[in-house]
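Colleague: Dropping the structure in here first, questions after.
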Amino acid sequence: MEYRIVQILNNNAAIVHTKDNKQNIVMGRGVAFHKQKGGLIQEENVDKVFEIKDKNTVNDLTTLLANVPLDFVTTSYDLIDQVQTKYKFAVEPYIYVTLTTHLFGAYQHLIKDEKDVNYLPDLSNTYPIPYQIADDVITGFQNNLDISFPKSEHKSIALHFINAHTSESIKEDKNQTENDEIIKVVQDELNRNGIYRTQQNANDYDRLLVHLKYFINRLNNNEPDSLPVSEGMIGEIENNYSQAWQIVQHIKELMQEKLQIKLSLSEQTYLTIHIQRLI
């Protein structure tokens with residue numbers, strides 16, 4: 001079988017036509033190297049075929065492949081596909097980029113032997129299936145790439161699946177102007193505190209932007225927060241991440257004042273953890 005190239009994303013990925021005249025993304029080491037639009041890719045050179053599920057898929061994957069090794073991306077994508085089928089647990093398409101970005105960041109901390117305290121609550125009694133999924137994901141990375149994520153990652157991976165769980169796909173953004181304004185409020189406040197995107201913090205900064213993107217999706221779809229936040233958890237975060245917490249409090253005020261958006265305690269917690277990484 002052969003795939004005809006519609007668009008080359010990089011040396012390792014391309015958009016191709018399928019037999020039924022749809023378009024998919026194929027990934028594999030060097031599959032598009034020295035190829036051109038209209039050229040052919042042999043099936044035996046392809047490691048992963050990924051369906052284009054929404055308008056963000058191509059841009060998200062292109063950005064991801066610019067920062068994350070191909071074998072890491074394909075392993076993450078394969079595991080997300082496998083657990084959805086195994087547990088009949090459908091998730092929004094955005095989890096492919098958000099979870100892969102998170103796990104690659106966790107891997108970088110791991111190889112640098114940097115400790116990353118995880119203050120997320122254990123919700124395994126309430127959400128047993130996402131925690132089983134997290135076990136499978138961690139085992140998959142161990143078996144495929146010999147990466148041993150710490151136990152603390154179970155909670156983070158499970159939370160990605162809890163938040164992304166759905167029975168229908170993400171709707172189109174309703175108001176792009178407002179969406180851009182949300183991101184601008186956050187970036188302006190970061191800049192005011194001397195926090196900019198640099199070569200050193202690029203991965204963590206991009207993780208924050210990806211999180212904001214899907215926070216916006218939740219707003220547009222009127223989806224409730226999935227993370228219950230206790231007073232004790234807020235107290236721990238406020239004490240341990242005081243500067244980041246104060247920045248988020250100002251962001252909360254600005255969103256309420258300028259955009260009439262109320263930032264939940266759950267979202268304040270997420271943002272604080274992301275901003276703390278930048279600090």
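Here's how to read the names in the structure tokens: chain A, B, ... by the order shown, residue numbers from 1 in each chain, ligand numbers from 1 in the order shown.
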With only C-alpha atoms counted and 7 Å as the cut-off, give the residues of stretch 75-124 of chain A in contact with stretch 200-216 of chain A, each with its shortest interatomic distance in Å and the pair that gives it, as a Markdown table.
Modeller:
```
| residue | atom | partner | partner_atom | distance |
| --- | --- | --- | --- | --- |
| A:Thr98 | CA | A:Val210 | CA | 6.6 |
| A:Thr101 | CA | A:Arg207 | CA | 6.5 |
| A:His102 | CA | A:Arg207 | CA | 6.9 |
| A:Gly105 | CA | A:Asn203 | CA | 6.9 |
```
Colleague: For the residues in the current selection, export C-alpha atoms as a compact mmCIF listing (two decimals), in the first residue's frame.
Modeller:
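part.txt, written as the output of this step:
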```txt
# COMPACT_ATOMS: atom_id res chain seq x y z
CA THR A 98 -1.79 18.13 26.05
CA THR A 101 3.40 17.76 26.09
CA HIS A 102 2.92 17.14 29.81
CA GLY A 105 8.01 17.86 30.30
```
Colleague: As an NGL selection string, please: every residue in stretch 19-163 of chain A that a backbone DSSP assignment puts in strand (DSSP E).
Modeller: :A and (23-27 or 40-42 or 48-51)
Colleague: Take the residues that were just selected and, keeping all heavy atoms, output them as an mmCIF file, in the first residue's frame.
Modeller:
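Result file again-v5.cif:
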```cif
data_model
loop_
_atom_site.group_PDB
_atom_site.id
_atom_site.type_symbol
_atom_site.label_atom_id
_atom_site.label_comp_id
_atom_site.auth_asym_id
_atom_site.auth_seq_id
_atom_site.Cartn_x
_atom_site.Cartn_y
_atom_site.Cartn_z
ATOM 1 N N GLN A 23 -8.219 12.536 4.416
ATOM 2 C CA GLN A 23 -6.827 12.858 4.687
ATOM 3 C C GLN A 23 -6.439 12.404 6.089
ATOM 4 O O GLN A 23 -7.197 12.586 7.040
ATOM 5 C CB GLN A 23 -6.580 14.363 4.539
ATOM 6 C CG GLN A 23 -6.705 14.855 3.110
ATOM 7 C CD GLN A 23 -6.330 16.325 2.964
ATOM 8 O OE1 GLN A 23 -6.007 16.990 3.935
ATOM 9 N NE2 GLN A 23 -6.374 16.822 1.744
ATOM 10 N N ASN A 24 -5.275 11.784 6.190
ATOM 11 C CA ASN A 24 -4.709 11.375 7.462
ATOM 12 C C ASN A 24 -3.294 11.932 7.588
ATOM 13 O O ASN A 24 -2.725 12.432 6.612
ATOM 14 C CB ASN A 24 -4.650 9.848 7.580
ATOM 15 C CG ASN A 24 -6.010 9.225 7.873
ATOM 16 O OD1 ASN A 24 -6.936 9.914 8.288
ATOM 17 N ND2 ASN A 24 -6.125 7.940 7.646
ATOM 18 N N ILE A 25 -2.743 11.810 8.783
ATOM 19 C CA ILE A 25 -1.338 12.137 8.996
ATOM 20 C C ILE A 25 -0.588 10.830 9.182
ATOM 21 O O ILE A 25 -1.019 9.973 9.955
ATOM 22 C CB ILE A 25 -1.152 13.028 10.234
ATOM 23 C CG1 ILE A 25 -1.841 14.377 10.039
ATOM 24 C CG2 ILE A 25 0.333 13.246 10.533
ATOM 25 C CD1 ILE A 25 -1.901 15.231 11.294
ATOM 26 N N VAL A 26 0.521 10.667 8.455
ATOM 27 C CA VAL A 26 1.376 9.503 8.667
ATOM 28 C C VAL A 26 2.667 9.973 9.309
ATOM 29 O O VAL A 26 3.187 11.046 8.993
ATOM 30 C CB VAL A 26 1.670 8.744 7.360
ATOM 31 C CG1 VAL A 26 0.389 8.143 6.801
ATOM 32 C CG2 VAL A 26 2.352 9.629 6.330
ATOM 33 N N MET A 27 3.178 9.156 10.240
ATOM 34 C CA MET A 27 4.412 9.493 10.938
ATOM 35 C C MET A 27 5.368 8.307 10.871
ATOM 36 O O MET A 27 4.944 7.155 10.936
ATOM 37 C CB MET A 27 4.128 9.857 12.400
ATOM 38 C CG MET A 27 3.338 11.137 12.585
ATOM 39 S SD MET A 27 3.119 11.586 14.332
ATOM 40 C CE MET A 27 1.754 10.531 14.783
ATOM 41 N N LEU A 40 4.931 9.623 -3.185
ATOM 42 C CA LEU A 40 4.369 8.453 -2.511
ATOM 43 C C LEU A 40 5.198 8.059 -1.297
ATOM 44 O O LEU A 40 6.425 8.186 -1.296
ATOM 45 C CB LEU A 40 4.285 7.272 -3.475
ATOM 46 C CG LEU A 40 3.376 7.450 -4.691
ATOM 47 C CD1 LEU A 40 3.481 6.239 -5.612
ATOM 48 C CD2 LEU A 40 1.930 7.671 -4.272
ATOM 49 N N ILE A 41 4.503 7.582 -0.273
ATOM 50 C CA ILE A 41 5.142 7.032 0.921
ATOM 51 C C ILE A 41 4.715 5.579 1.043
ATOM 52 O O ILE A 41 3.526 5.259 0.973
ATOM 53 C CB ILE A 41 4.727 7.813 2.181
ATOM 54 C CG1 ILE A 41 5.294 9.244 2.129
ATOM 55 C CG2 ILE A 41 5.209 7.103 3.446
ATOM 56 C CD1 ILE A 41 4.823 10.116 3.285
ATOM 57 N N GLN A 42 5.685 4.682 1.209
ATOM 58 C CA GLN A 42 5.383 3.265 1.314
ATOM 59 C C GLN A 42 4.878 2.932 2.726
ATOM 60 O O GLN A 42 5.383 3.448 3.720
ATOM 61 C CB GLN A 42 6.631 2.432 1.011
ATOM 62 C CG GLN A 42 7.230 2.699 -0.363
ATOM 63 C CD GLN A 42 6.257 2.396 -1.492
ATOM 64 O OE1 GLN A 42 5.539 1.393 -1.450
ATOM 65 N NE2 GLN A 42 6.227 3.267 -2.490
ATOM 66 N N LYS A 48 3.005 5.243 12.295
ATOM 67 C CA LYS A 48 1.734 5.639 12.904
ATOM 68 C C LYS A 48 0.887 6.377 11.881
ATOM 69 O O LYS A 48 1.378 7.264 11.182
ATOM 70 C CB LYS A 48 1.999 6.539 14.116
ATOM 71 C CG LYS A 48 0.779 7.166 14.752
ATOM 72 C CD LYS A 48 -0.064 6.149 15.497
ATOM 73 C CE LYS A 48 -1.255 6.798 16.190
ATOM 74 N NZ LYS A 48 -2.192 5.800 16.727
ATOM 75 N N VAL A 49 -0.367 5.987 11.765
ATOM 76 C CA VAL A 49 -1.339 6.722 10.952
ATOM 77 C C VAL A 49 -2.316 7.378 11.903
ATOM 78 O O VAL A 49 -2.923 6.713 12.746
ATOM 79 C CB VAL A 49 -2.095 5.780 9.983
ATOM 80 C CG1 VAL A 49 -3.111 6.582 9.169
ATOM 81 C CG2 VAL A 49 -1.112 5.064 9.061
ATOM 82 N N PHE A 50 -2.470 8.697 11.772
ATOM 83 C CA PHE A 50 -3.306 9.437 12.715
ATOM 84 C C PHE A 50 -4.389 10.194 11.960
ATOM 85 O O PHE A 50 -4.115 10.941 11.021
ATOM 86 C CB PHE A 50 -2.439 10.413 13.513
ATOM 87 C CG PHE A 50 -3.178 11.124 14.608
ATOM 88 C CD1 PHE A 50 -3.653 10.433 15.702
ATOM 89 C CD2 PHE A 50 -3.405 12.487 14.537
ATOM 90 C CE1 PHE A 50 -4.345 11.083 16.711
ATOM 91 C CE2 PHE A 50 -4.087 13.157 15.532
ATOM 92 C CZ PHE A 50 -4.560 12.448 16.624
ATOM 93 N N GLU A 51 -5.620 9.995 12.382
ATOM 94 C CA GLU A 51 -6.762 10.652 11.741
ATOM 95 C C GLU A 51 -6.778 12.140 12.067
ATOM 96 O O GLU A 51 -6.510 12.548 13.205
ATOM 97 C CB GLU A 51 -8.054 10.001 12.245
ATOM 98 C CG GLU A 51 -9.315 10.566 11.637
ATOM 99 C CD GLU A 51 -10.561 9.944 12.237
ATOM 100 O OE1 GLU A 51 -10.440 8.960 12.986
ATOM 101 O OE2 GLU A 51 -11.662 10.462 11.954
#
```
Colleague: So which residues touch A:Ile162 within 12 Å, counting only C-alpha atoms, skipping near sequence neighbours fewer than 4 positions away, as an MDAnalysis selection string?
Modeller: chainID A and resid 89:92 95 99 123:124 126:134 155:158 166 224:228
Colleague: Give me a file of those residues, with C-alpha atoms, as a PDB file, in the first residue's frame.
Modeller:
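Writing done, so here's result_18.pdb:
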```
ATOM      1  CA  PHE A  89     -13.312   5.674  27.382  1.00  0.00           C
ATOM      2  CA  ALA A  90     -13.671   8.350  24.681  1.00  0.00           C
ATOM      3  CA  VAL A  91     -11.620  11.537  25.017  1.00  0.00           C
ATOM      4  CA  GLU A  92     -11.464  14.869  23.224  1.00  0.00           C
ATOM      5  CA  ILE A  95      -5.555  15.177  24.821  1.00  0.00           C
ATOM      6  CA  LEU A  99      -0.868  14.752  27.536  1.00  0.00           C
ATOM      7  CA  LEU A 123      -9.334  10.869  42.987  1.00  0.00           C
ATOM      8  CA  SER A 124      -8.938   7.145  42.312  1.00  0.00           C
ATOM      9  CA  THR A 126     -14.196   8.567  42.348  1.00  0.00           C
ATOM     10  CA  TYR A 127     -12.589   7.941  38.952  1.00  0.00           C
ATOM     11  CA  PRO A 128     -11.163   4.382  38.980  1.00  0.00           C
ATOM     12  CA  ILE A 129     -11.001   3.941  35.191  1.00  0.00           C
ATOM     13  CA  PRO A 130      -8.778   6.992  34.497  1.00  0.00           C
ATOM     14  CA  TYR A 131      -6.381   5.706  37.157  1.00  0.00           C
ATOM     15  CA  GLN A 132      -6.294   2.283  35.486  1.00  0.00           C
ATOM     16  CA  ILE A 133      -5.618   4.114  32.233  1.00  0.00           C
ATOM     17  CA  ALA A 134      -2.770   6.011  33.906  1.00  0.00           C
ATOM     18  CA  LYS A 155      -2.503  11.511  39.345  1.00  0.00           C
ATOM     19  CA  SER A 156      -1.508  13.911  36.553  1.00  0.00           C
ATOM     20  CA  ILE A 157      -2.163  11.409  33.758  1.00  0.00           C
ATOM     21  CA  ALA A 158      -5.490  10.366  35.276  1.00  0.00           C
ATOM     22  CA  THR A 166     -16.429  13.060  26.446  1.00  0.00           C
ATOM     23  CA  PRO A 224     -17.905  22.047  34.250  1.00  0.00           C
ATOM     24  CA  ASP A 225     -14.546  21.674  35.979  1.00  0.00           C
ATOM     25  CA  SER A 226     -13.572  18.101  36.760  1.00  0.00           C
ATOM     26  CA  LEU A 227     -11.129  18.789  39.596  1.00  0.00           C
ATOM     27  CA  PRO A 228     -12.629  19.154  43.074  1.00  0.00           C
TER      28      PRO A 228
END
```
Colleague: Just how far from atom CA of A:Ile237 is atom CA of A:Thr100, in Å to one decimal?
Modeller: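 Separating atom CA of A:Thr100 from atom CA of A:Ile237 is a distance of 24.7 Å.
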Colleague: Using the chain letters and numbers from this document, which residues of stretch 53-197 of chain A does DSSP assign to helix (DSSP H, G or I), as number ranges by chain?
Modeller: A: 57-67, 70-87, 95-111, 128-145, 153-164, 176-192
Colleague: Just how far from atom CA of A:Leu110 is atom CA of A:Met233, in Å to one decimal?
Modeller: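 Distance reported for this atom pair: 24.6 Å.
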Colleague: With only C-alpha atoms as the basis for distance, which of A:Lys86, A:Leu79, A:Asn191, A:Asn67 is at the shortest distance from A:Phe104?
Modeller: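 Among the listed residues, A:Asn67 lies closest to A:Phe104.
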Colleague: Could you tell me which of A:Gln246, A:Gln84, A:Gln142, A:Asn10 comes closest to A:Tyr107 if we count only C-alpha atoms?
Modeller: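 Among the listed residues, the smallest separation from A:Tyr107 belongs to A:Gln142.
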Colleague: One decimal, in Å: what's the spacing between atom CA of A:Thr57 and atom CA of A:Gln187?
Modeller: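 We find that atom CA of A:Thr57 and atom CA of A:Gln187 lie 23.9 Å from each other.
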Colleague: If we count only C-alpha atoms, what is near A:Asn144 at a cut-off of 10 Å, once residues fewer than 2 positions away on the same chain are taken out, given as a PDB file with N, CA and C atoms, in the first residue's frame?
Modeller:
```pdb
ATOM      1  N   ASP A  71       9.667   9.267  18.432  1.00  0.00           N
ATOM      2  CA  ASP A  71       9.297   8.026  19.113  1.00  0.00           C
ATOM      3  C   ASP A  71       8.474   8.300  20.361  1.00  0.00           C
ATOM      4  N   PHE A  72       8.710   9.433  21.007  1.00  0.00           N
ATOM      5  CA  PHE A  72       7.920   9.812  22.182  1.00  0.00           C
ATOM      6  C   PHE A  72       6.490  10.142  21.751  1.00  0.00           C
ATOM      7  N   THR A  75       4.627   6.922  20.592  1.00  0.00           N
ATOM      8  CA  THR A  75       4.299   6.084  21.754  1.00  0.00           C
ATOM      9  C   THR A  75       3.103   6.654  22.502  1.00  0.00           C
ATOM     10  N   THR A 139       3.006   2.066  32.178  1.00  0.00           N
ATOM     11  CA  THR A 139       3.580   0.773  31.785  1.00  0.00           C
ATOM     12  C   THR A 139       3.993   0.782  30.321  1.00  0.00           C
ATOM     13  N   GLY A 140       3.188   1.436  29.477  1.00  0.00           N
ATOM     14  CA  GLY A 140       3.503   1.511  28.050  1.00  0.00           C
ATOM     15  C   GLY A 140       4.800   2.250  27.779  1.00  0.00           C
ATOM     16  N   PHE A 141       5.023   3.347  28.479  1.00  0.00           N
ATOM     17  CA  PHE A 141       6.277   4.085  28.301  1.00  0.00           C
ATOM     18  C   PHE A 141       7.464   3.277  28.822  1.00  0.00           C
ATOM     19  N   GLN A 142       7.244   2.527  29.902  1.00  0.00           N
ATOM     20  CA  GLN A 142       8.307   1.664  30.431  1.00  0.00           C
ATOM     21  C   GLN A 142       8.669   0.579  29.417  1.00  0.00           C
ATOM     22  N   ASP A 146      11.533   2.493  27.755  1.00  0.00           N
ATOM     23  CA  ASP A 146      12.333   2.306  28.968  1.00  0.00           C
ATOM     24  C   ASP A 146      12.353   3.575  29.820  1.00  0.00           C
ATOM     25  N   ILE A 147      11.220   4.268  29.879  1.00  0.00           N
ATOM     26  CA  ILE A 147      11.077   5.462  30.702  1.00  0.00           C
ATOM     27  C   ILE A 147      10.238   5.091  31.924  1.00  0.00           C
TER      28      ILE A 147
END
```
